$ cat start_28.tsv   # TSV, C-alpha atoms
chain	number	residue	atom	x	y	z
H	1	GLN	CA	0.01	10.32	-28.84
H	2	PHE	CA	-0.25	13.86	-30.24
H	3	GLN	CA	-3.34	14.55	-28.13
H	4	GLN	CA	-1.59	13.32	-24.96
H	5	THR	CA	1.43	15.53	-25.70
H	6	LEU	CA	-0.80	18.55	-26.37
H	7	THR	CA	-2.72	17.97	-23.12
H	8	LYS	CA	0.50	17.77	-21.10
H	9	MET	CA	1.76	21.00	-22.69
H	10	MET	CA	-1.51	22.78	-21.82
H	11	ILE	CA	-1.33	21.56	-18.22
H	12	LEU	CA	2.28	22.76	-17.98
H	13	VAL	CA	1.36	26.22	-19.29
H	14	LEU	CA	-1.58	26.47	-16.89
H	15	ALA	CA	0.63	25.35	-14.02
H	16	LEU	CA	3.19	28.04	-14.87
H	17	LEU	CA	0.35	30.59	-14.85
H	18	GLY	CA	-0.77	29.31	-11.46
H	19	LEU	CA	-4.19	28.19	-12.75
H	20	VAL	CA	-3.70	24.52	-11.95
H	21	CYS	CA	-1.42	22.72	-9.55
H	22	ALA	CA	1.13	20.37	-11.13
H	23	GLU	CA	2.09	17.12	-9.47
H	24	VAL	CA	4.37	17.03	-6.43
H	25	THR	CA	6.45	14.14	-5.19
H	26	LEU	CA	7.45	12.96	-1.73
H	27	PRO	CA	10.27	10.50	-1.03
H	28	ILE	CA	9.08	7.31	0.64
H	29	ARG	CA	11.12	4.46	2.06
H	30	LYS	CA	11.37	1.14	3.79
H	31	PRO	CA	12.83	1.30	7.33
H	32	GLN	CA	16.50	0.48	7.73
H	33	LYS	CA	17.34	-2.98	9.04
H	34	GLU	CA	18.69	-1.48	12.28
H	35	SER	CA	15.11	-0.59	13.30
H	36	LEU	CA	13.74	-4.08	12.66
H	37	PRO	CA	13.49	-6.96	15.13
H	38	GLN	CA	16.20	-9.51	14.52
H	39	LEU	CA	15.21	-12.92	13.18
H	40	LYS	CA	17.24	-16.10	13.01
H	41	ALA	CA	17.17	-17.99	9.73
H	42	SER	CA	15.83	-21.08	11.50
H	43	GLU	CA	12.70	-19.25	12.70
H	44	PRO	CA	9.46	-18.89	10.70
H	45	ILE	CA	9.07	-15.62	8.83
H	46	MET	CA	7.75	-12.77	10.94
H	47	GLU	CA	4.21	-11.46	10.64
H	48	HIS	CA	4.84	-7.80	11.45
H	49	LEU	CA	7.43	-6.25	9.16
H	50	PRO	CA	7.14	-2.74	7.77
H	51	ALA	CA	5.54	-1.49	4.62
H	52	TRP	CA	6.38	1.85	2.96
H	53	LEU	CA	6.76	5.01	5.02
H	54	ALA	CA	6.12	8.67	4.21
H	55	ASP	CA	6.91	11.69	6.37
H	56	VAL	CA	3.69	13.65	6.98
H	57	LYS	CA	3.43	16.90	8.96
H	58	LEU	CA	0.51	17.51	11.31
H	59	GLY	CA	-0.77	20.55	13.16
H	60	SER	CA	0.16	24.21	13.41
H	61	ASN	CA	3.61	23.20	14.65
H	62	SER	CA	4.19	21.00	11.55
H	63	LYS	CA	5.37	18.06	13.60
H	64	SER	CA	6.62	15.25	11.36
H	65	PHE	CA	5.43	11.65	11.63
H	66	ALA	CA	6.57	8.57	9.69
H	67	LEU	CA	3.32	6.96	8.51
H	68	THR	CA	2.74	3.66	6.70
H	69	ILE	CA	1.29	4.23	3.21
H	70	ASP	CA	-1.81	2.07	2.96
H	71	THR	CA	-4.13	1.93	-0.06
H	72	GLY	CA	-6.11	-0.71	1.86
H	73	SER	CA	-7.57	1.79	4.34
H	74	GLY	CA	-8.87	5.33	4.16
H	75	LEU	CA	-8.07	7.22	7.36
H	76	LEU	CA	-4.96	8.85	8.74
H	77	GLY	CA	-4.33	7.49	12.22
H	78	VAL	CA	-1.34	8.77	14.22
H	79	TYR	CA	0.10	7.74	17.58
H	80	GLY	CA	-1.41	10.12	20.12
H	81	GLN	CA	-1.72	11.16	23.74
H	82	PRO	CA	-2.77	9.55	25.97
H	83	CYS	CA	-1.76	6.20	24.49
H	84	SER	CA	0.75	4.34	26.64
H	85	ALA	CA	1.62	1.80	23.95
H	86	CYS	CA	2.18	4.61	21.42
H	87	SER	CA	4.30	6.96	23.55
H	88	ALA	CA	6.69	4.13	24.36
H	89	VAL	CA	8.00	3.96	20.78
H	90	GLY	CA	8.28	7.49	19.40
H	91	PRO	CA	6.67	10.87	18.68
H	92	THR	CA	2.98	11.31	19.39
H	93	TYR	CA	0.38	13.85	18.29
H	94	ASN	CA	-0.88	16.10	21.09
H	95	PRO	CA	-3.93	18.21	20.10
H	96	LEU	CA	-3.11	20.71	22.84
H	97	ALA	CA	0.24	21.45	21.15
H	98	SER	CA	-1.43	22.46	17.89
H	99	THR	CA	-3.35	25.74	17.90
H	100	SER	CA	-5.19	24.68	14.74
H	101	SER	CA	-6.53	21.44	16.23
H	102	ALA	CA	-10.28	21.12	16.86
H	103	ALA	CA	-12.10	18.11	18.25
H	104	VAL	CA	-14.80	16.64	16.00
H	105	PRO	CA	-17.98	16.42	18.09
H	106	CYS	CA	-20.15	13.34	18.32
H	107	THR	CA	-22.81	13.54	15.59
H	108	SER	CA	-24.87	11.16	13.51
H	109	LEU	CA	-21.77	10.58	11.34
H	110	CYS	CA	-19.95	9.03	14.30
H	111	LYS	CA	-20.62	5.37	14.98
H	112	VAL	CA	-18.38	5.47	18.05
H	113	CYS	CA	-18.35	8.25	20.65
H	114	SER	CA	-16.65	8.96	23.94
H	115	GLY	CA	-18.86	11.51	25.62
H	116	SER	CA	-19.05	14.41	23.17
H	117	GLN	CA	-15.90	13.30	21.29
H	118	CYS	CA	-16.21	11.54	17.91
H	119	GLN	CA	-14.01	8.45	17.73
H	120	THR	CA	-12.96	5.85	15.19
H	121	GLN	CA	-11.80	2.26	15.57
H	122	ALA	CA	-9.52	0.17	13.38
H	123	ALA	CA	-9.32	-3.63	13.33
H	124	TYR	CA	-6.74	-5.50	11.22
H	125	LEU	CA	-6.61	-9.00	9.79
H	126	ASP	CA	-3.91	-10.04	12.27
H	127	GLY	CA	-6.12	-9.20	15.25
H	128	SER	CA	-4.43	-5.91	16.15
H	129	GLY	CA	-6.19	-2.57	16.26
H	130	TRP	CA	-6.63	0.83	17.84
H	131	THR	CA	-9.15	3.47	18.95
H	132	GLY	CA	-8.67	7.16	18.19
H	133	ASN	CA	-10.22	10.58	18.71
H	134	VAL	CA	-11.19	12.37	15.48
H	135	VAL	CA	-9.92	15.93	15.08
H	136	THR	CA	-9.77	18.57	12.38
H	137	ASP	CA	-6.29	19.99	11.84
H	138	THR	CA	-3.73	20.87	9.19
H	139	VAL	CA	-2.08	17.99	7.32
H	140	THR	CA	0.90	18.62	5.02
H	141	ILE	CA	2.12	16.08	2.46
H	142	ALA	CA	4.92	16.97	0.02
H	143	GLY	CA	4.48	20.65	0.86
H	144	LYS	CA	0.74	20.63	0.12
H	145	SER	CA	-1.51	21.38	3.09
H	146	ALA	CA	-5.19	20.88	3.83
H	147	ARG	CA	-7.42	21.30	6.82
H	148	THR	CA	-8.99	17.89	7.20
H	149	ASN	CA	-10.07	15.17	9.62
H	150	PHE	CA	-7.86	12.46	11.05
H	151	ALA	CA	-7.56	10.45	14.25
H	152	TYR	CA	-4.99	10.36	16.99
H	153	MET	CA	-4.80	7.06	18.83
H	154	VAL	CA	-5.76	6.99	22.50
H	155	ASN	CA	-5.55	3.22	22.77
H	156	ALA	CA	-3.70	0.67	20.65
H	157	SER	CA	-2.80	-3.00	20.90
H	158	THR	CA	0.89	-3.64	21.48
H	159	SER	CA	0.96	-5.87	18.38
H	160	PHE	CA	-0.02	-2.87	16.22
H	161	VAL	CA	2.49	-0.36	17.59
H	162	GLN	CA	5.92	-0.62	15.93
H	163	THR	CA	9.16	1.27	16.51
H	164	TRP	CA	9.71	2.21	12.86
H	165	GLU	CA	6.44	4.13	12.38
H	166	GLN	CA	4.11	6.56	14.12
H	167	GLY	CA	0.84	5.61	12.45
H	168	ILE	CA	-0.85	4.97	9.13
H	169	LEU	CA	-1.79	7.08	6.10
H	170	GLY	CA	-4.87	5.57	4.46
H	171	LEU	CA	-5.20	6.32	0.73
H	172	ALA	CA	-8.42	4.48	-0.10
H	173	TYR	CA	-11.76	6.01	-1.14
H	174	PRO	CA	-14.06	7.78	1.34
H	175	GLY	CA	-16.34	4.72	1.24
H	176	ALA	CA	-13.64	2.71	3.03
H	177	LEU	CA	-14.54	4.64	6.15
H	178	GLY	CA	-18.12	5.67	5.92
H	179	TYR	CA	-16.65	9.12	6.56
H	180	PRO	CA	-17.04	11.69	3.76
H	181	TYR	CA	-13.57	13.21	3.23
H	182	PRO	CA	-10.42	11.26	4.06
H	183	VAL	CA	-7.10	13.07	4.06
H	184	ILE	CA	-5.81	12.29	0.57
H	185	GLY	CA	-9.00	13.54	-1.07
H	186	ASP	CA	-8.85	16.81	0.85
H	187	ILE	CA	-5.17	17.36	0.03
H	188	LEU	CA	-5.83	16.92	-3.69
H	189	LYS	CA	-9.06	18.92	-3.76
H	190	GLN	CA	-7.97	21.88	-1.62
H	191	ASN	CA	-4.79	22.28	-3.68
H	192	GLY	CA	-6.53	22.08	-7.07
H	193	MET	CA	-4.77	18.87	-8.07
H	194	ASP	CA	-5.98	15.98	-10.20
H	195	ASN	CA	-7.82	13.38	-8.10
H	196	GLU	CA	-5.11	10.74	-8.34
H	197	PHE	CA	-1.82	9.67	-6.83
H	198	TRP	CA	1.05	7.47	-7.96
H	199	LEU	CA	3.52	5.12	-6.25
H	200	ASP	CA	7.05	4.44	-7.48
H	201	LEU	CA	8.37	1.56	-5.34
H	202	ASN	CA	11.93	0.36	-5.88
H	203	ARG	CA	13.61	-2.87	-4.87
H	204	ASP	CA	16.29	-1.04	-2.91
H	205	GLY	CA	13.69	0.28	-0.46
H	206	SER	CA	13.47	3.79	-1.92
H	207	GLY	CA	10.49	5.29	-3.69
H	208	GLU	CA	8.26	8.28	-4.43
H	209	LEU	CA	4.65	9.19	-3.71
H	210	THR	CA	3.33	11.50	-6.44
H	211	LEU	CA	0.26	13.61	-5.71
H	212	GLY	CA	-1.76	14.60	-8.76
H	213	SER	CA	-0.91	13.67	-12.34
H	214	PRO	CA	1.98	11.28	-13.03
H	215	ASP	CA	5.60	12.40	-12.98
H	216	ASP	CA	6.96	11.76	-16.48
H	217	ARG	CA	10.35	10.79	-15.04
H	218	TYR	CA	8.86	7.50	-13.86
H	219	VAL	CA	6.74	6.66	-16.91
H	220	ASN	CA	9.07	4.43	-18.88
H	221	GLY	CA	7.08	2.71	-21.62
H	222	PRO	CA	3.34	2.22	-22.01
H	223	LEU	CA	0.81	2.65	-19.21
H	224	HIS	CA	-1.64	-0.22	-18.79
H	225	THR	CA	-5.14	0.56	-17.51
H	226	ILE	CA	-7.41	-1.68	-15.43
H	227	ASN	CA	-10.82	-0.96	-13.93
H	228	VAL	CA	-11.57	-0.41	-10.24
H	229	TYR	CA	-14.95	-1.75	-9.14
H	230	ALA	CA	-17.43	-0.41	-6.62
H	231	THR	CA	-17.61	-2.23	-3.31
H	232	PHE	CA	-21.04	-1.99	-1.72
H	233	ASN	CA	-23.23	-0.84	-4.60
H	234	PRO	CA	-22.62	0.40	-8.15
H	235	THR	CA	-21.91	3.96	-7.00
H	236	VAL	CA	-19.93	3.46	-3.77
H	237	TYR	CA	-16.18	2.89	-4.02
H	238	ALA	CA	-14.14	1.93	-0.99
H	239	PHE	CA	-10.99	-0.09	-1.71
H	240	TYR	CA	-9.10	-0.38	-4.99
H	241	ARG	CA	-10.81	-3.59	-6.08
H	242	VAL	CA	-9.90	-5.08	-9.45
H	243	LEU	CA	-11.02	-8.23	-11.25
H	244	LEU	CA	-8.47	-10.93	-12.08
H	245	GLN	CA	-9.16	-13.41	-14.86
H	246	ASP	CA	-6.40	-15.89	-14.10
H	247	ILE	CA	-2.90	-16.39	-12.66
H	248	THR	CA	-0.27	-18.53	-14.39
H	249	ILE	CA	3.25	-19.71	-13.59
H	250	ASP	CA	5.35	-20.20	-16.71
H	251	GLY	CA	2.09	-20.59	-18.59
H	252	LYS	CA	0.62	-23.12	-16.14
H	253	PHE	CA	-2.81	-22.32	-14.72
H	254	ILE	CA	-2.93	-22.53	-10.89
H	255	GLY	CA	-6.65	-22.54	-10.28
H	256	PHE	CA	-7.50	-18.87	-9.94
H	257	THR	CA	-10.70	-17.73	-11.65
H	258	SER	CA	-12.95	-14.69	-11.50
H	259	ASP	CA	-15.25	-16.76	-9.26
H	260	PHE	CA	-13.02	-15.73	-6.35
H	261	GLY	CA	-14.40	-12.21	-6.69
H	262	LEU	CA	-12.64	-8.87	-6.59
H	263	THR	CA	-8.97	-8.48	-5.63
H	264	ILE	CA	-7.66	-5.56	-3.56
H	265	VAL	CA	-4.53	-3.65	-4.61
H	266	ASP	CA	-3.01	-2.85	-1.23
H	267	SER	CA	0.28	-1.06	-0.58
H	268	GLY	CA	-0.02	-1.90	3.11
H	269	THR	CA	0.21	-5.63	2.40
H	270	THR	CA	3.77	-6.64	1.63
H	271	LEU	CA	2.81	-10.06	0.28
H	272	LEU	CA	0.89	-11.47	-2.65
H	273	LEU	CA	-1.96	-13.13	-0.77
H	274	LEU	CA	-3.78	-15.89	-2.66
H	275	PRO	CA	-6.97	-17.79	-1.87
H	276	TYR	CA	-6.05	-20.90	0.11
H	277	SER	CA	-6.76	-23.41	-2.68
H	278	VAL	CA	-4.80	-21.33	-5.20
H	279	TYR	CA	-1.85	-21.01	-2.82
H	280	ILE	CA	-1.73	-24.79	-2.34
H	281	GLN	CA	-1.78	-25.30	-6.11
H	282	PHE	CA	0.90	-22.66	-6.49
H	283	LEU	CA	3.23	-24.57	-4.15
H	284	SER	CA	2.55	-27.86	-5.95
H	285	THR	CA	3.14	-26.29	-9.37
H	286	ILE	CA	6.56	-24.89	-8.48
H	287	ASN	CA	9.48	-27.18	-9.40
H	288	PRO	CA	10.42	-28.95	-6.10
H	289	ASN	CA	14.11	-28.89	-7.11
H	290	LEU	CA	14.34	-25.10	-7.16
H	291	PRO	CA	16.76	-23.59	-4.63
H	292	CYS	CA	15.13	-23.03	-1.20
H	293	LYS	CA	11.79	-24.55	-2.29
H	294	SER	CA	11.55	-26.81	0.79
H	295	ALA	CA	12.48	-23.97	3.15
H	296	PHE	CA	9.85	-21.70	1.62
H	297	ASP	CA	7.25	-24.47	1.92
H	298	ASP	CA	7.95	-24.36	5.67
H	299	LYS	CA	7.72	-20.53	5.70
H	300	LYS	CA	11.41	-20.22	6.53
H	301	VAL	CA	14.04	-17.70	5.44
H	302	CYS	CA	16.68	-19.11	3.09
H	303	SER	CA	19.96	-17.99	1.51
H	304	LEU	CA	19.95	-17.37	-2.26
H	305	THR	CA	22.33	-16.01	-4.88
H	306	PRO	CA	21.14	-13.81	-7.78
H	307	SER	CA	21.58	-16.69	-10.21
H	308	GLU	CA	19.48	-18.97	-7.98
H	309	ILE	CA	16.73	-16.37	-7.75
H	310	ALA	CA	16.67	-16.13	-11.55
H	311	GLN	CA	15.79	-19.85	-11.72
H	312	TRP	CA	12.41	-19.21	-10.14
H	313	PRO	CA	9.47	-18.72	-12.53
H	314	VAL	CA	7.71	-15.54	-13.62
H	315	ILE	CA	4.11	-15.16	-12.39
H	316	GLN	CA	1.64	-13.61	-14.81
H	317	ILE	CA	-1.64	-12.04	-13.76
H	318	THR	CA	-4.35	-11.45	-16.35
H	319	PHE	CA	-7.00	-8.86	-15.55
H	320	ASP	CA	-10.58	-8.88	-16.80
H	321	ASN	CA	-9.83	-6.55	-19.74
H	322	GLY	CA	-6.95	-8.73	-20.96
H	323	VAL	CA	-4.12	-6.64	-19.49
H	324	ILE	CA	-1.27	-8.85	-18.26
H	325	ALA	CA	1.14	-7.98	-15.43
H	326	SER	CA	4.31	-9.96	-14.78
H	327	ILE	CA	5.66	-10.51	-11.27
H	328	TRP	CA	9.34	-11.47	-11.32
H	329	PRO	CA	11.06	-13.66	-8.74
H	330	GLN	CA	13.20	-10.64	-7.86
H	331	ASP	CA	9.97	-9.14	-6.47
H	332	TYR	CA	8.20	-12.09	-4.84
H	333	LEU	CA	11.41	-13.51	-3.33
H	334	GLN	CA	11.88	-10.80	-0.76
H	335	ALA	CA	15.23	-9.83	0.72
H	336	ARG	CA	15.54	-10.14	4.49
H	337	SER	CA	18.52	-7.94	5.36
H	338	ASP	CA	17.63	-8.20	9.05
H	339	VAL	CA	18.64	-11.88	8.87
H	340	GLY	CA	21.56	-11.74	6.43
H	341	SER	CA	22.74	-10.05	3.26
H	342	SER	CA	21.66	-12.98	1.04
H	343	SER	CA	18.59	-14.12	2.97
H	344	TYR	CA	15.14	-14.24	1.35
H	345	GLN	CA	11.59	-15.23	2.12
H	346	LEU	CA	8.76	-16.22	-0.21
H	347	GLY	CA	6.53	-13.18	-0.50
H	348	ILE	CA	3.47	-15.26	-1.39
H	349	ALA	CA	1.09	-16.72	1.16
H	350	SER	CA	-2.46	-17.86	1.72
H	351	SER	CA	-5.04	-15.28	2.74
H	352	GLY	CA	-6.85	-18.03	4.64
H	353	SER	CA	-10.01	-17.32	2.65
H	354	LYS	CA	-11.17	-16.68	-0.93
H	355	GLN	CA	-9.70	-13.17	-0.78
H	356	CYS	CA	-6.76	-12.17	-2.99
H	357	LEU	CA	-4.57	-9.14	-2.24
H	358	LEU	CA	-1.95	-7.63	-4.55
H	359	GLY	CA	0.71	-6.17	-2.28
H	360	ASP	CA	4.44	-5.50	-2.65
H	361	PRO	CA	5.25	-8.22	-5.21
H	362	PHE	CA	2.82	-6.58	-7.66
H	363	LEU	CA	3.59	-2.92	-6.86
H	364	THR	CA	7.39	-3.11	-6.59
H	365	ASN	CA	9.55	-2.11	-9.56
H	366	ARG	CA	6.72	-0.39	-11.42
H	367	TYR	CA	4.97	3.01	-11.41
H	368	THR	CA	1.34	2.63	-10.35
H	369	GLY	CA	-1.35	5.29	-10.48
H	370	PHE	CA	-4.62	5.23	-8.55
H	371	ILE	CA	-6.89	7.37	-10.75
H	372	ARG	CA	-9.84	8.11	-8.50
H	373	SER	CA	-11.55	10.46	-10.96
H	374	SER	CA	-12.05	7.64	-13.50
H	375	ASN	CA	-11.98	4.69	-11.06
H	376	THR	CA	-9.04	3.06	-12.78
H	377	ILE	CA	-5.50	1.97	-11.98
H	378	GLN	CA	-2.63	2.51	-14.41
H	379	PHE	CA	0.78	0.88	-14.20
H	380	THR	CA	3.99	0.45	-16.15
H	381	ASP	CA	5.69	-2.82	-17.01
H	382	ASN	CA	8.48	-4.00	-14.74
H	383	SER	CA	11.56	-6.14	-15.40
H	384	ALA	CA	13.93	-8.61	-13.80
H	385	SER	CA	16.75	-6.06	-13.56
H	386	SER	CA	17.82	-4.63	-10.16
H	387	MET	CA	17.13	-6.39	-6.88
H	388	ALA	CA	16.16	-5.13	-3.45
H	389	ALA	CA	14.15	-5.66	-0.32
H	390	SER	CA	10.57	-6.10	0.70
H	391	SER	CA	8.83	-7.53	3.72
H	392	LEU	CA	5.72	-8.92	5.37
H	393	LEU	CA	2.82	-6.93	6.73
H	394	ILE	CA	-0.92	-7.17	6.34
H	395	PHE	CA	-2.74	-3.86	6.68
H	396	LEU	CA	-6.20	-4.31	5.21
H	397	VAL	CA	-8.32	-2.32	7.62
H	398	PHE	CA	-11.97	-2.00	8.46
H	399	PHE	CA	-13.13	1.24	10.11
H	400	THR	CA	-16.18	2.45	11.94
H	401	VAL	CA	-16.53	6.14	12.60

$ encode --input "start_28.tsv" --output "structure tokens"
Amino acid sequence: QFQQTLTKMMILVLALLGLVCAEVTLPIRKPQKESLPQLKASEPIMEHLPAWLADVKLGSNSKSFALTIDTGSGLLGVYGQPCSACSAVGPTYNPLASTSSAAVPCTSLCKVCSGSQCQTQAAYLDGSGWTGNVVTDTVTIAGKSARTNFAYMVNASTSFVQTWEQGILGLAYPGALGYPYPVIGDILKQNGMDNEFWLDLNRDGSGELTLGSPDDRYVNGPLHTINVYATFNPTVYAFYRVLLQDITIDGKFIGFTSDFGLTIVDSGTTLLLLPYSVYIQFLSTINPNLPCKSAFDDKKVCSLTPSEIAQWPVIQITFDNGVIASIWPQDYLQARSDVGSSSYQLGIASSGSKQCLLGDPFLTNRYTGFIRSSNTIQFTDNSASSMAASSLLIFLVFFTV
């Protein structure tokens, strides 16, 4: 404890002297219900609801774009020109309007090219996707700028384009792209900051993105550390993959073992996605007499009171090093304000495969750090107190550049 305190004091002194850059924070948010498609309670839950948004400035003109924060992908992709689907819903990036913009030429690093222009393509689990031109330009996040590479979309499926956002901010490792320096790494490196970032996601739809070392205001209690594992070989990291040992509901084992492989911690996925067999056992383990159980089995939205929510069980996840994380019903029963003030959906679903993804239910109501320098994730405990909203979106992305 003394050593940690001494280290923080040294960093503070160096920051005051301008020798290192202290952490900076950026407010993030969930979109307001007015911007969401309306859903009747009798309909199945929707498959395209928003994740967390951050305002990012691009180009010499510092034009602001609301981008989805996605630890499950590694590239910044913004609605661009010409992209008819994109321009129909909001601001777009125009390279001709930024004097600092430069096209990235087609080289051996580019797996997709359009003439002499380097391109990238994104394909999502729901079948949506886009194609974009890669440029080098200025990106500013929380007042910190870097000249880096990103893509502006020239073609996008209508199922990808949404009215509440103007693109996606990938926060994964460079290996998630096959491209050497994604945006977040350049922002941290060019500003002399620690190679890490932190997410503070609240149930009321507000939050903070911290660049660099953690903000002590959000570290309430001990920090738990889990390992991130390489993806393709022992030295190449792509996504934030962790190893789960088991998952229990009120102490009851639901069939998850390490045999299912590595699990991705993904801020762009607003559900807890379980392997199909584990999801089926989860549903059968839950008390059938719990409020809204039958509606949730049918993937429907249902009305709940706070006391009814509290009757649902706590889910506990044990990681390979013995660290345990609790997921409270206040986090996996997700508020649907677009349907009604007391409407909720079950924020747990099947991934349709052996894959497991830890999305909003795991990340909400705790402070989580993605420590890229040591290939670890740190997080605080959460609690049942305070309730708020979350929603459904799957944004695990695969890129070719």

$ closest_residue --input "start_28.tsv" --among "H:Thr364, H:Asn155, H:Asn94, H:Gln81" --to "Asp204 in chain H" --atoms "only C-alpha atoms"
H:Thr364

$ residues_around --input "start_28.tsv" --residues "Gly77 in chain H" --least-positions-apart "4" --cutoff "10 Å" --atoms "all atoms listed in the file" --output "PyMOL selection string"
chain H and resi 67-68+93+120-122+130-134+149-153+166-170

$ residues_around --input "start_28.tsv" --residues "Ile377 in chain H" --least-positions-apart "2" --cutoff "7 Å" --atoms "only C-alpha atoms" --output "list in words"
Thr225, Ile226, Asn227, Val228, Gly369, Phe370, Ile371 and Phe379 of chain H

$ atom_distance --input "start_28.tsv" --atom1 "CA of Asn365 in chain H" --atom2 "CA of Ile184 in chain H"
23.4 Å

$ residues_around --input "start_28.tsv" --residues "Ser101 in chain H" --least-positions-apart "4" --cutoff "7 Å" --atoms "all atoms listed in the file" --output "list in words"
Gly59, Pro95, Val135, Thr136 and Asp137 of chain H

$ closest_residue --input "start_28.tsv" --among "H:Leu76, H:Ile187, H:Leu333, H:Cys113" --to "Thr270 in chain H" --atoms "only C-alpha atoms"
H:Leu333

$ closest_residue --input "start_28.tsv" --among "H:Leu211, H:Val278, H:Ala123, H:Ile317" --to "Asn191 in chain H" --atoms "only C-alpha atoms"
H:Leu211

$ residues_around --input "start_28.tsv" --residues "Ser350 in chain H" --least-positions-apart "5" --cutoff "10 Å" --atoms "only C-alpha atoms" --output "JSON, numbers by chain"
{"H": [271, 272, 273, 274, 275, 276, 277, 278, 279, 280, 355, 356, 357]}
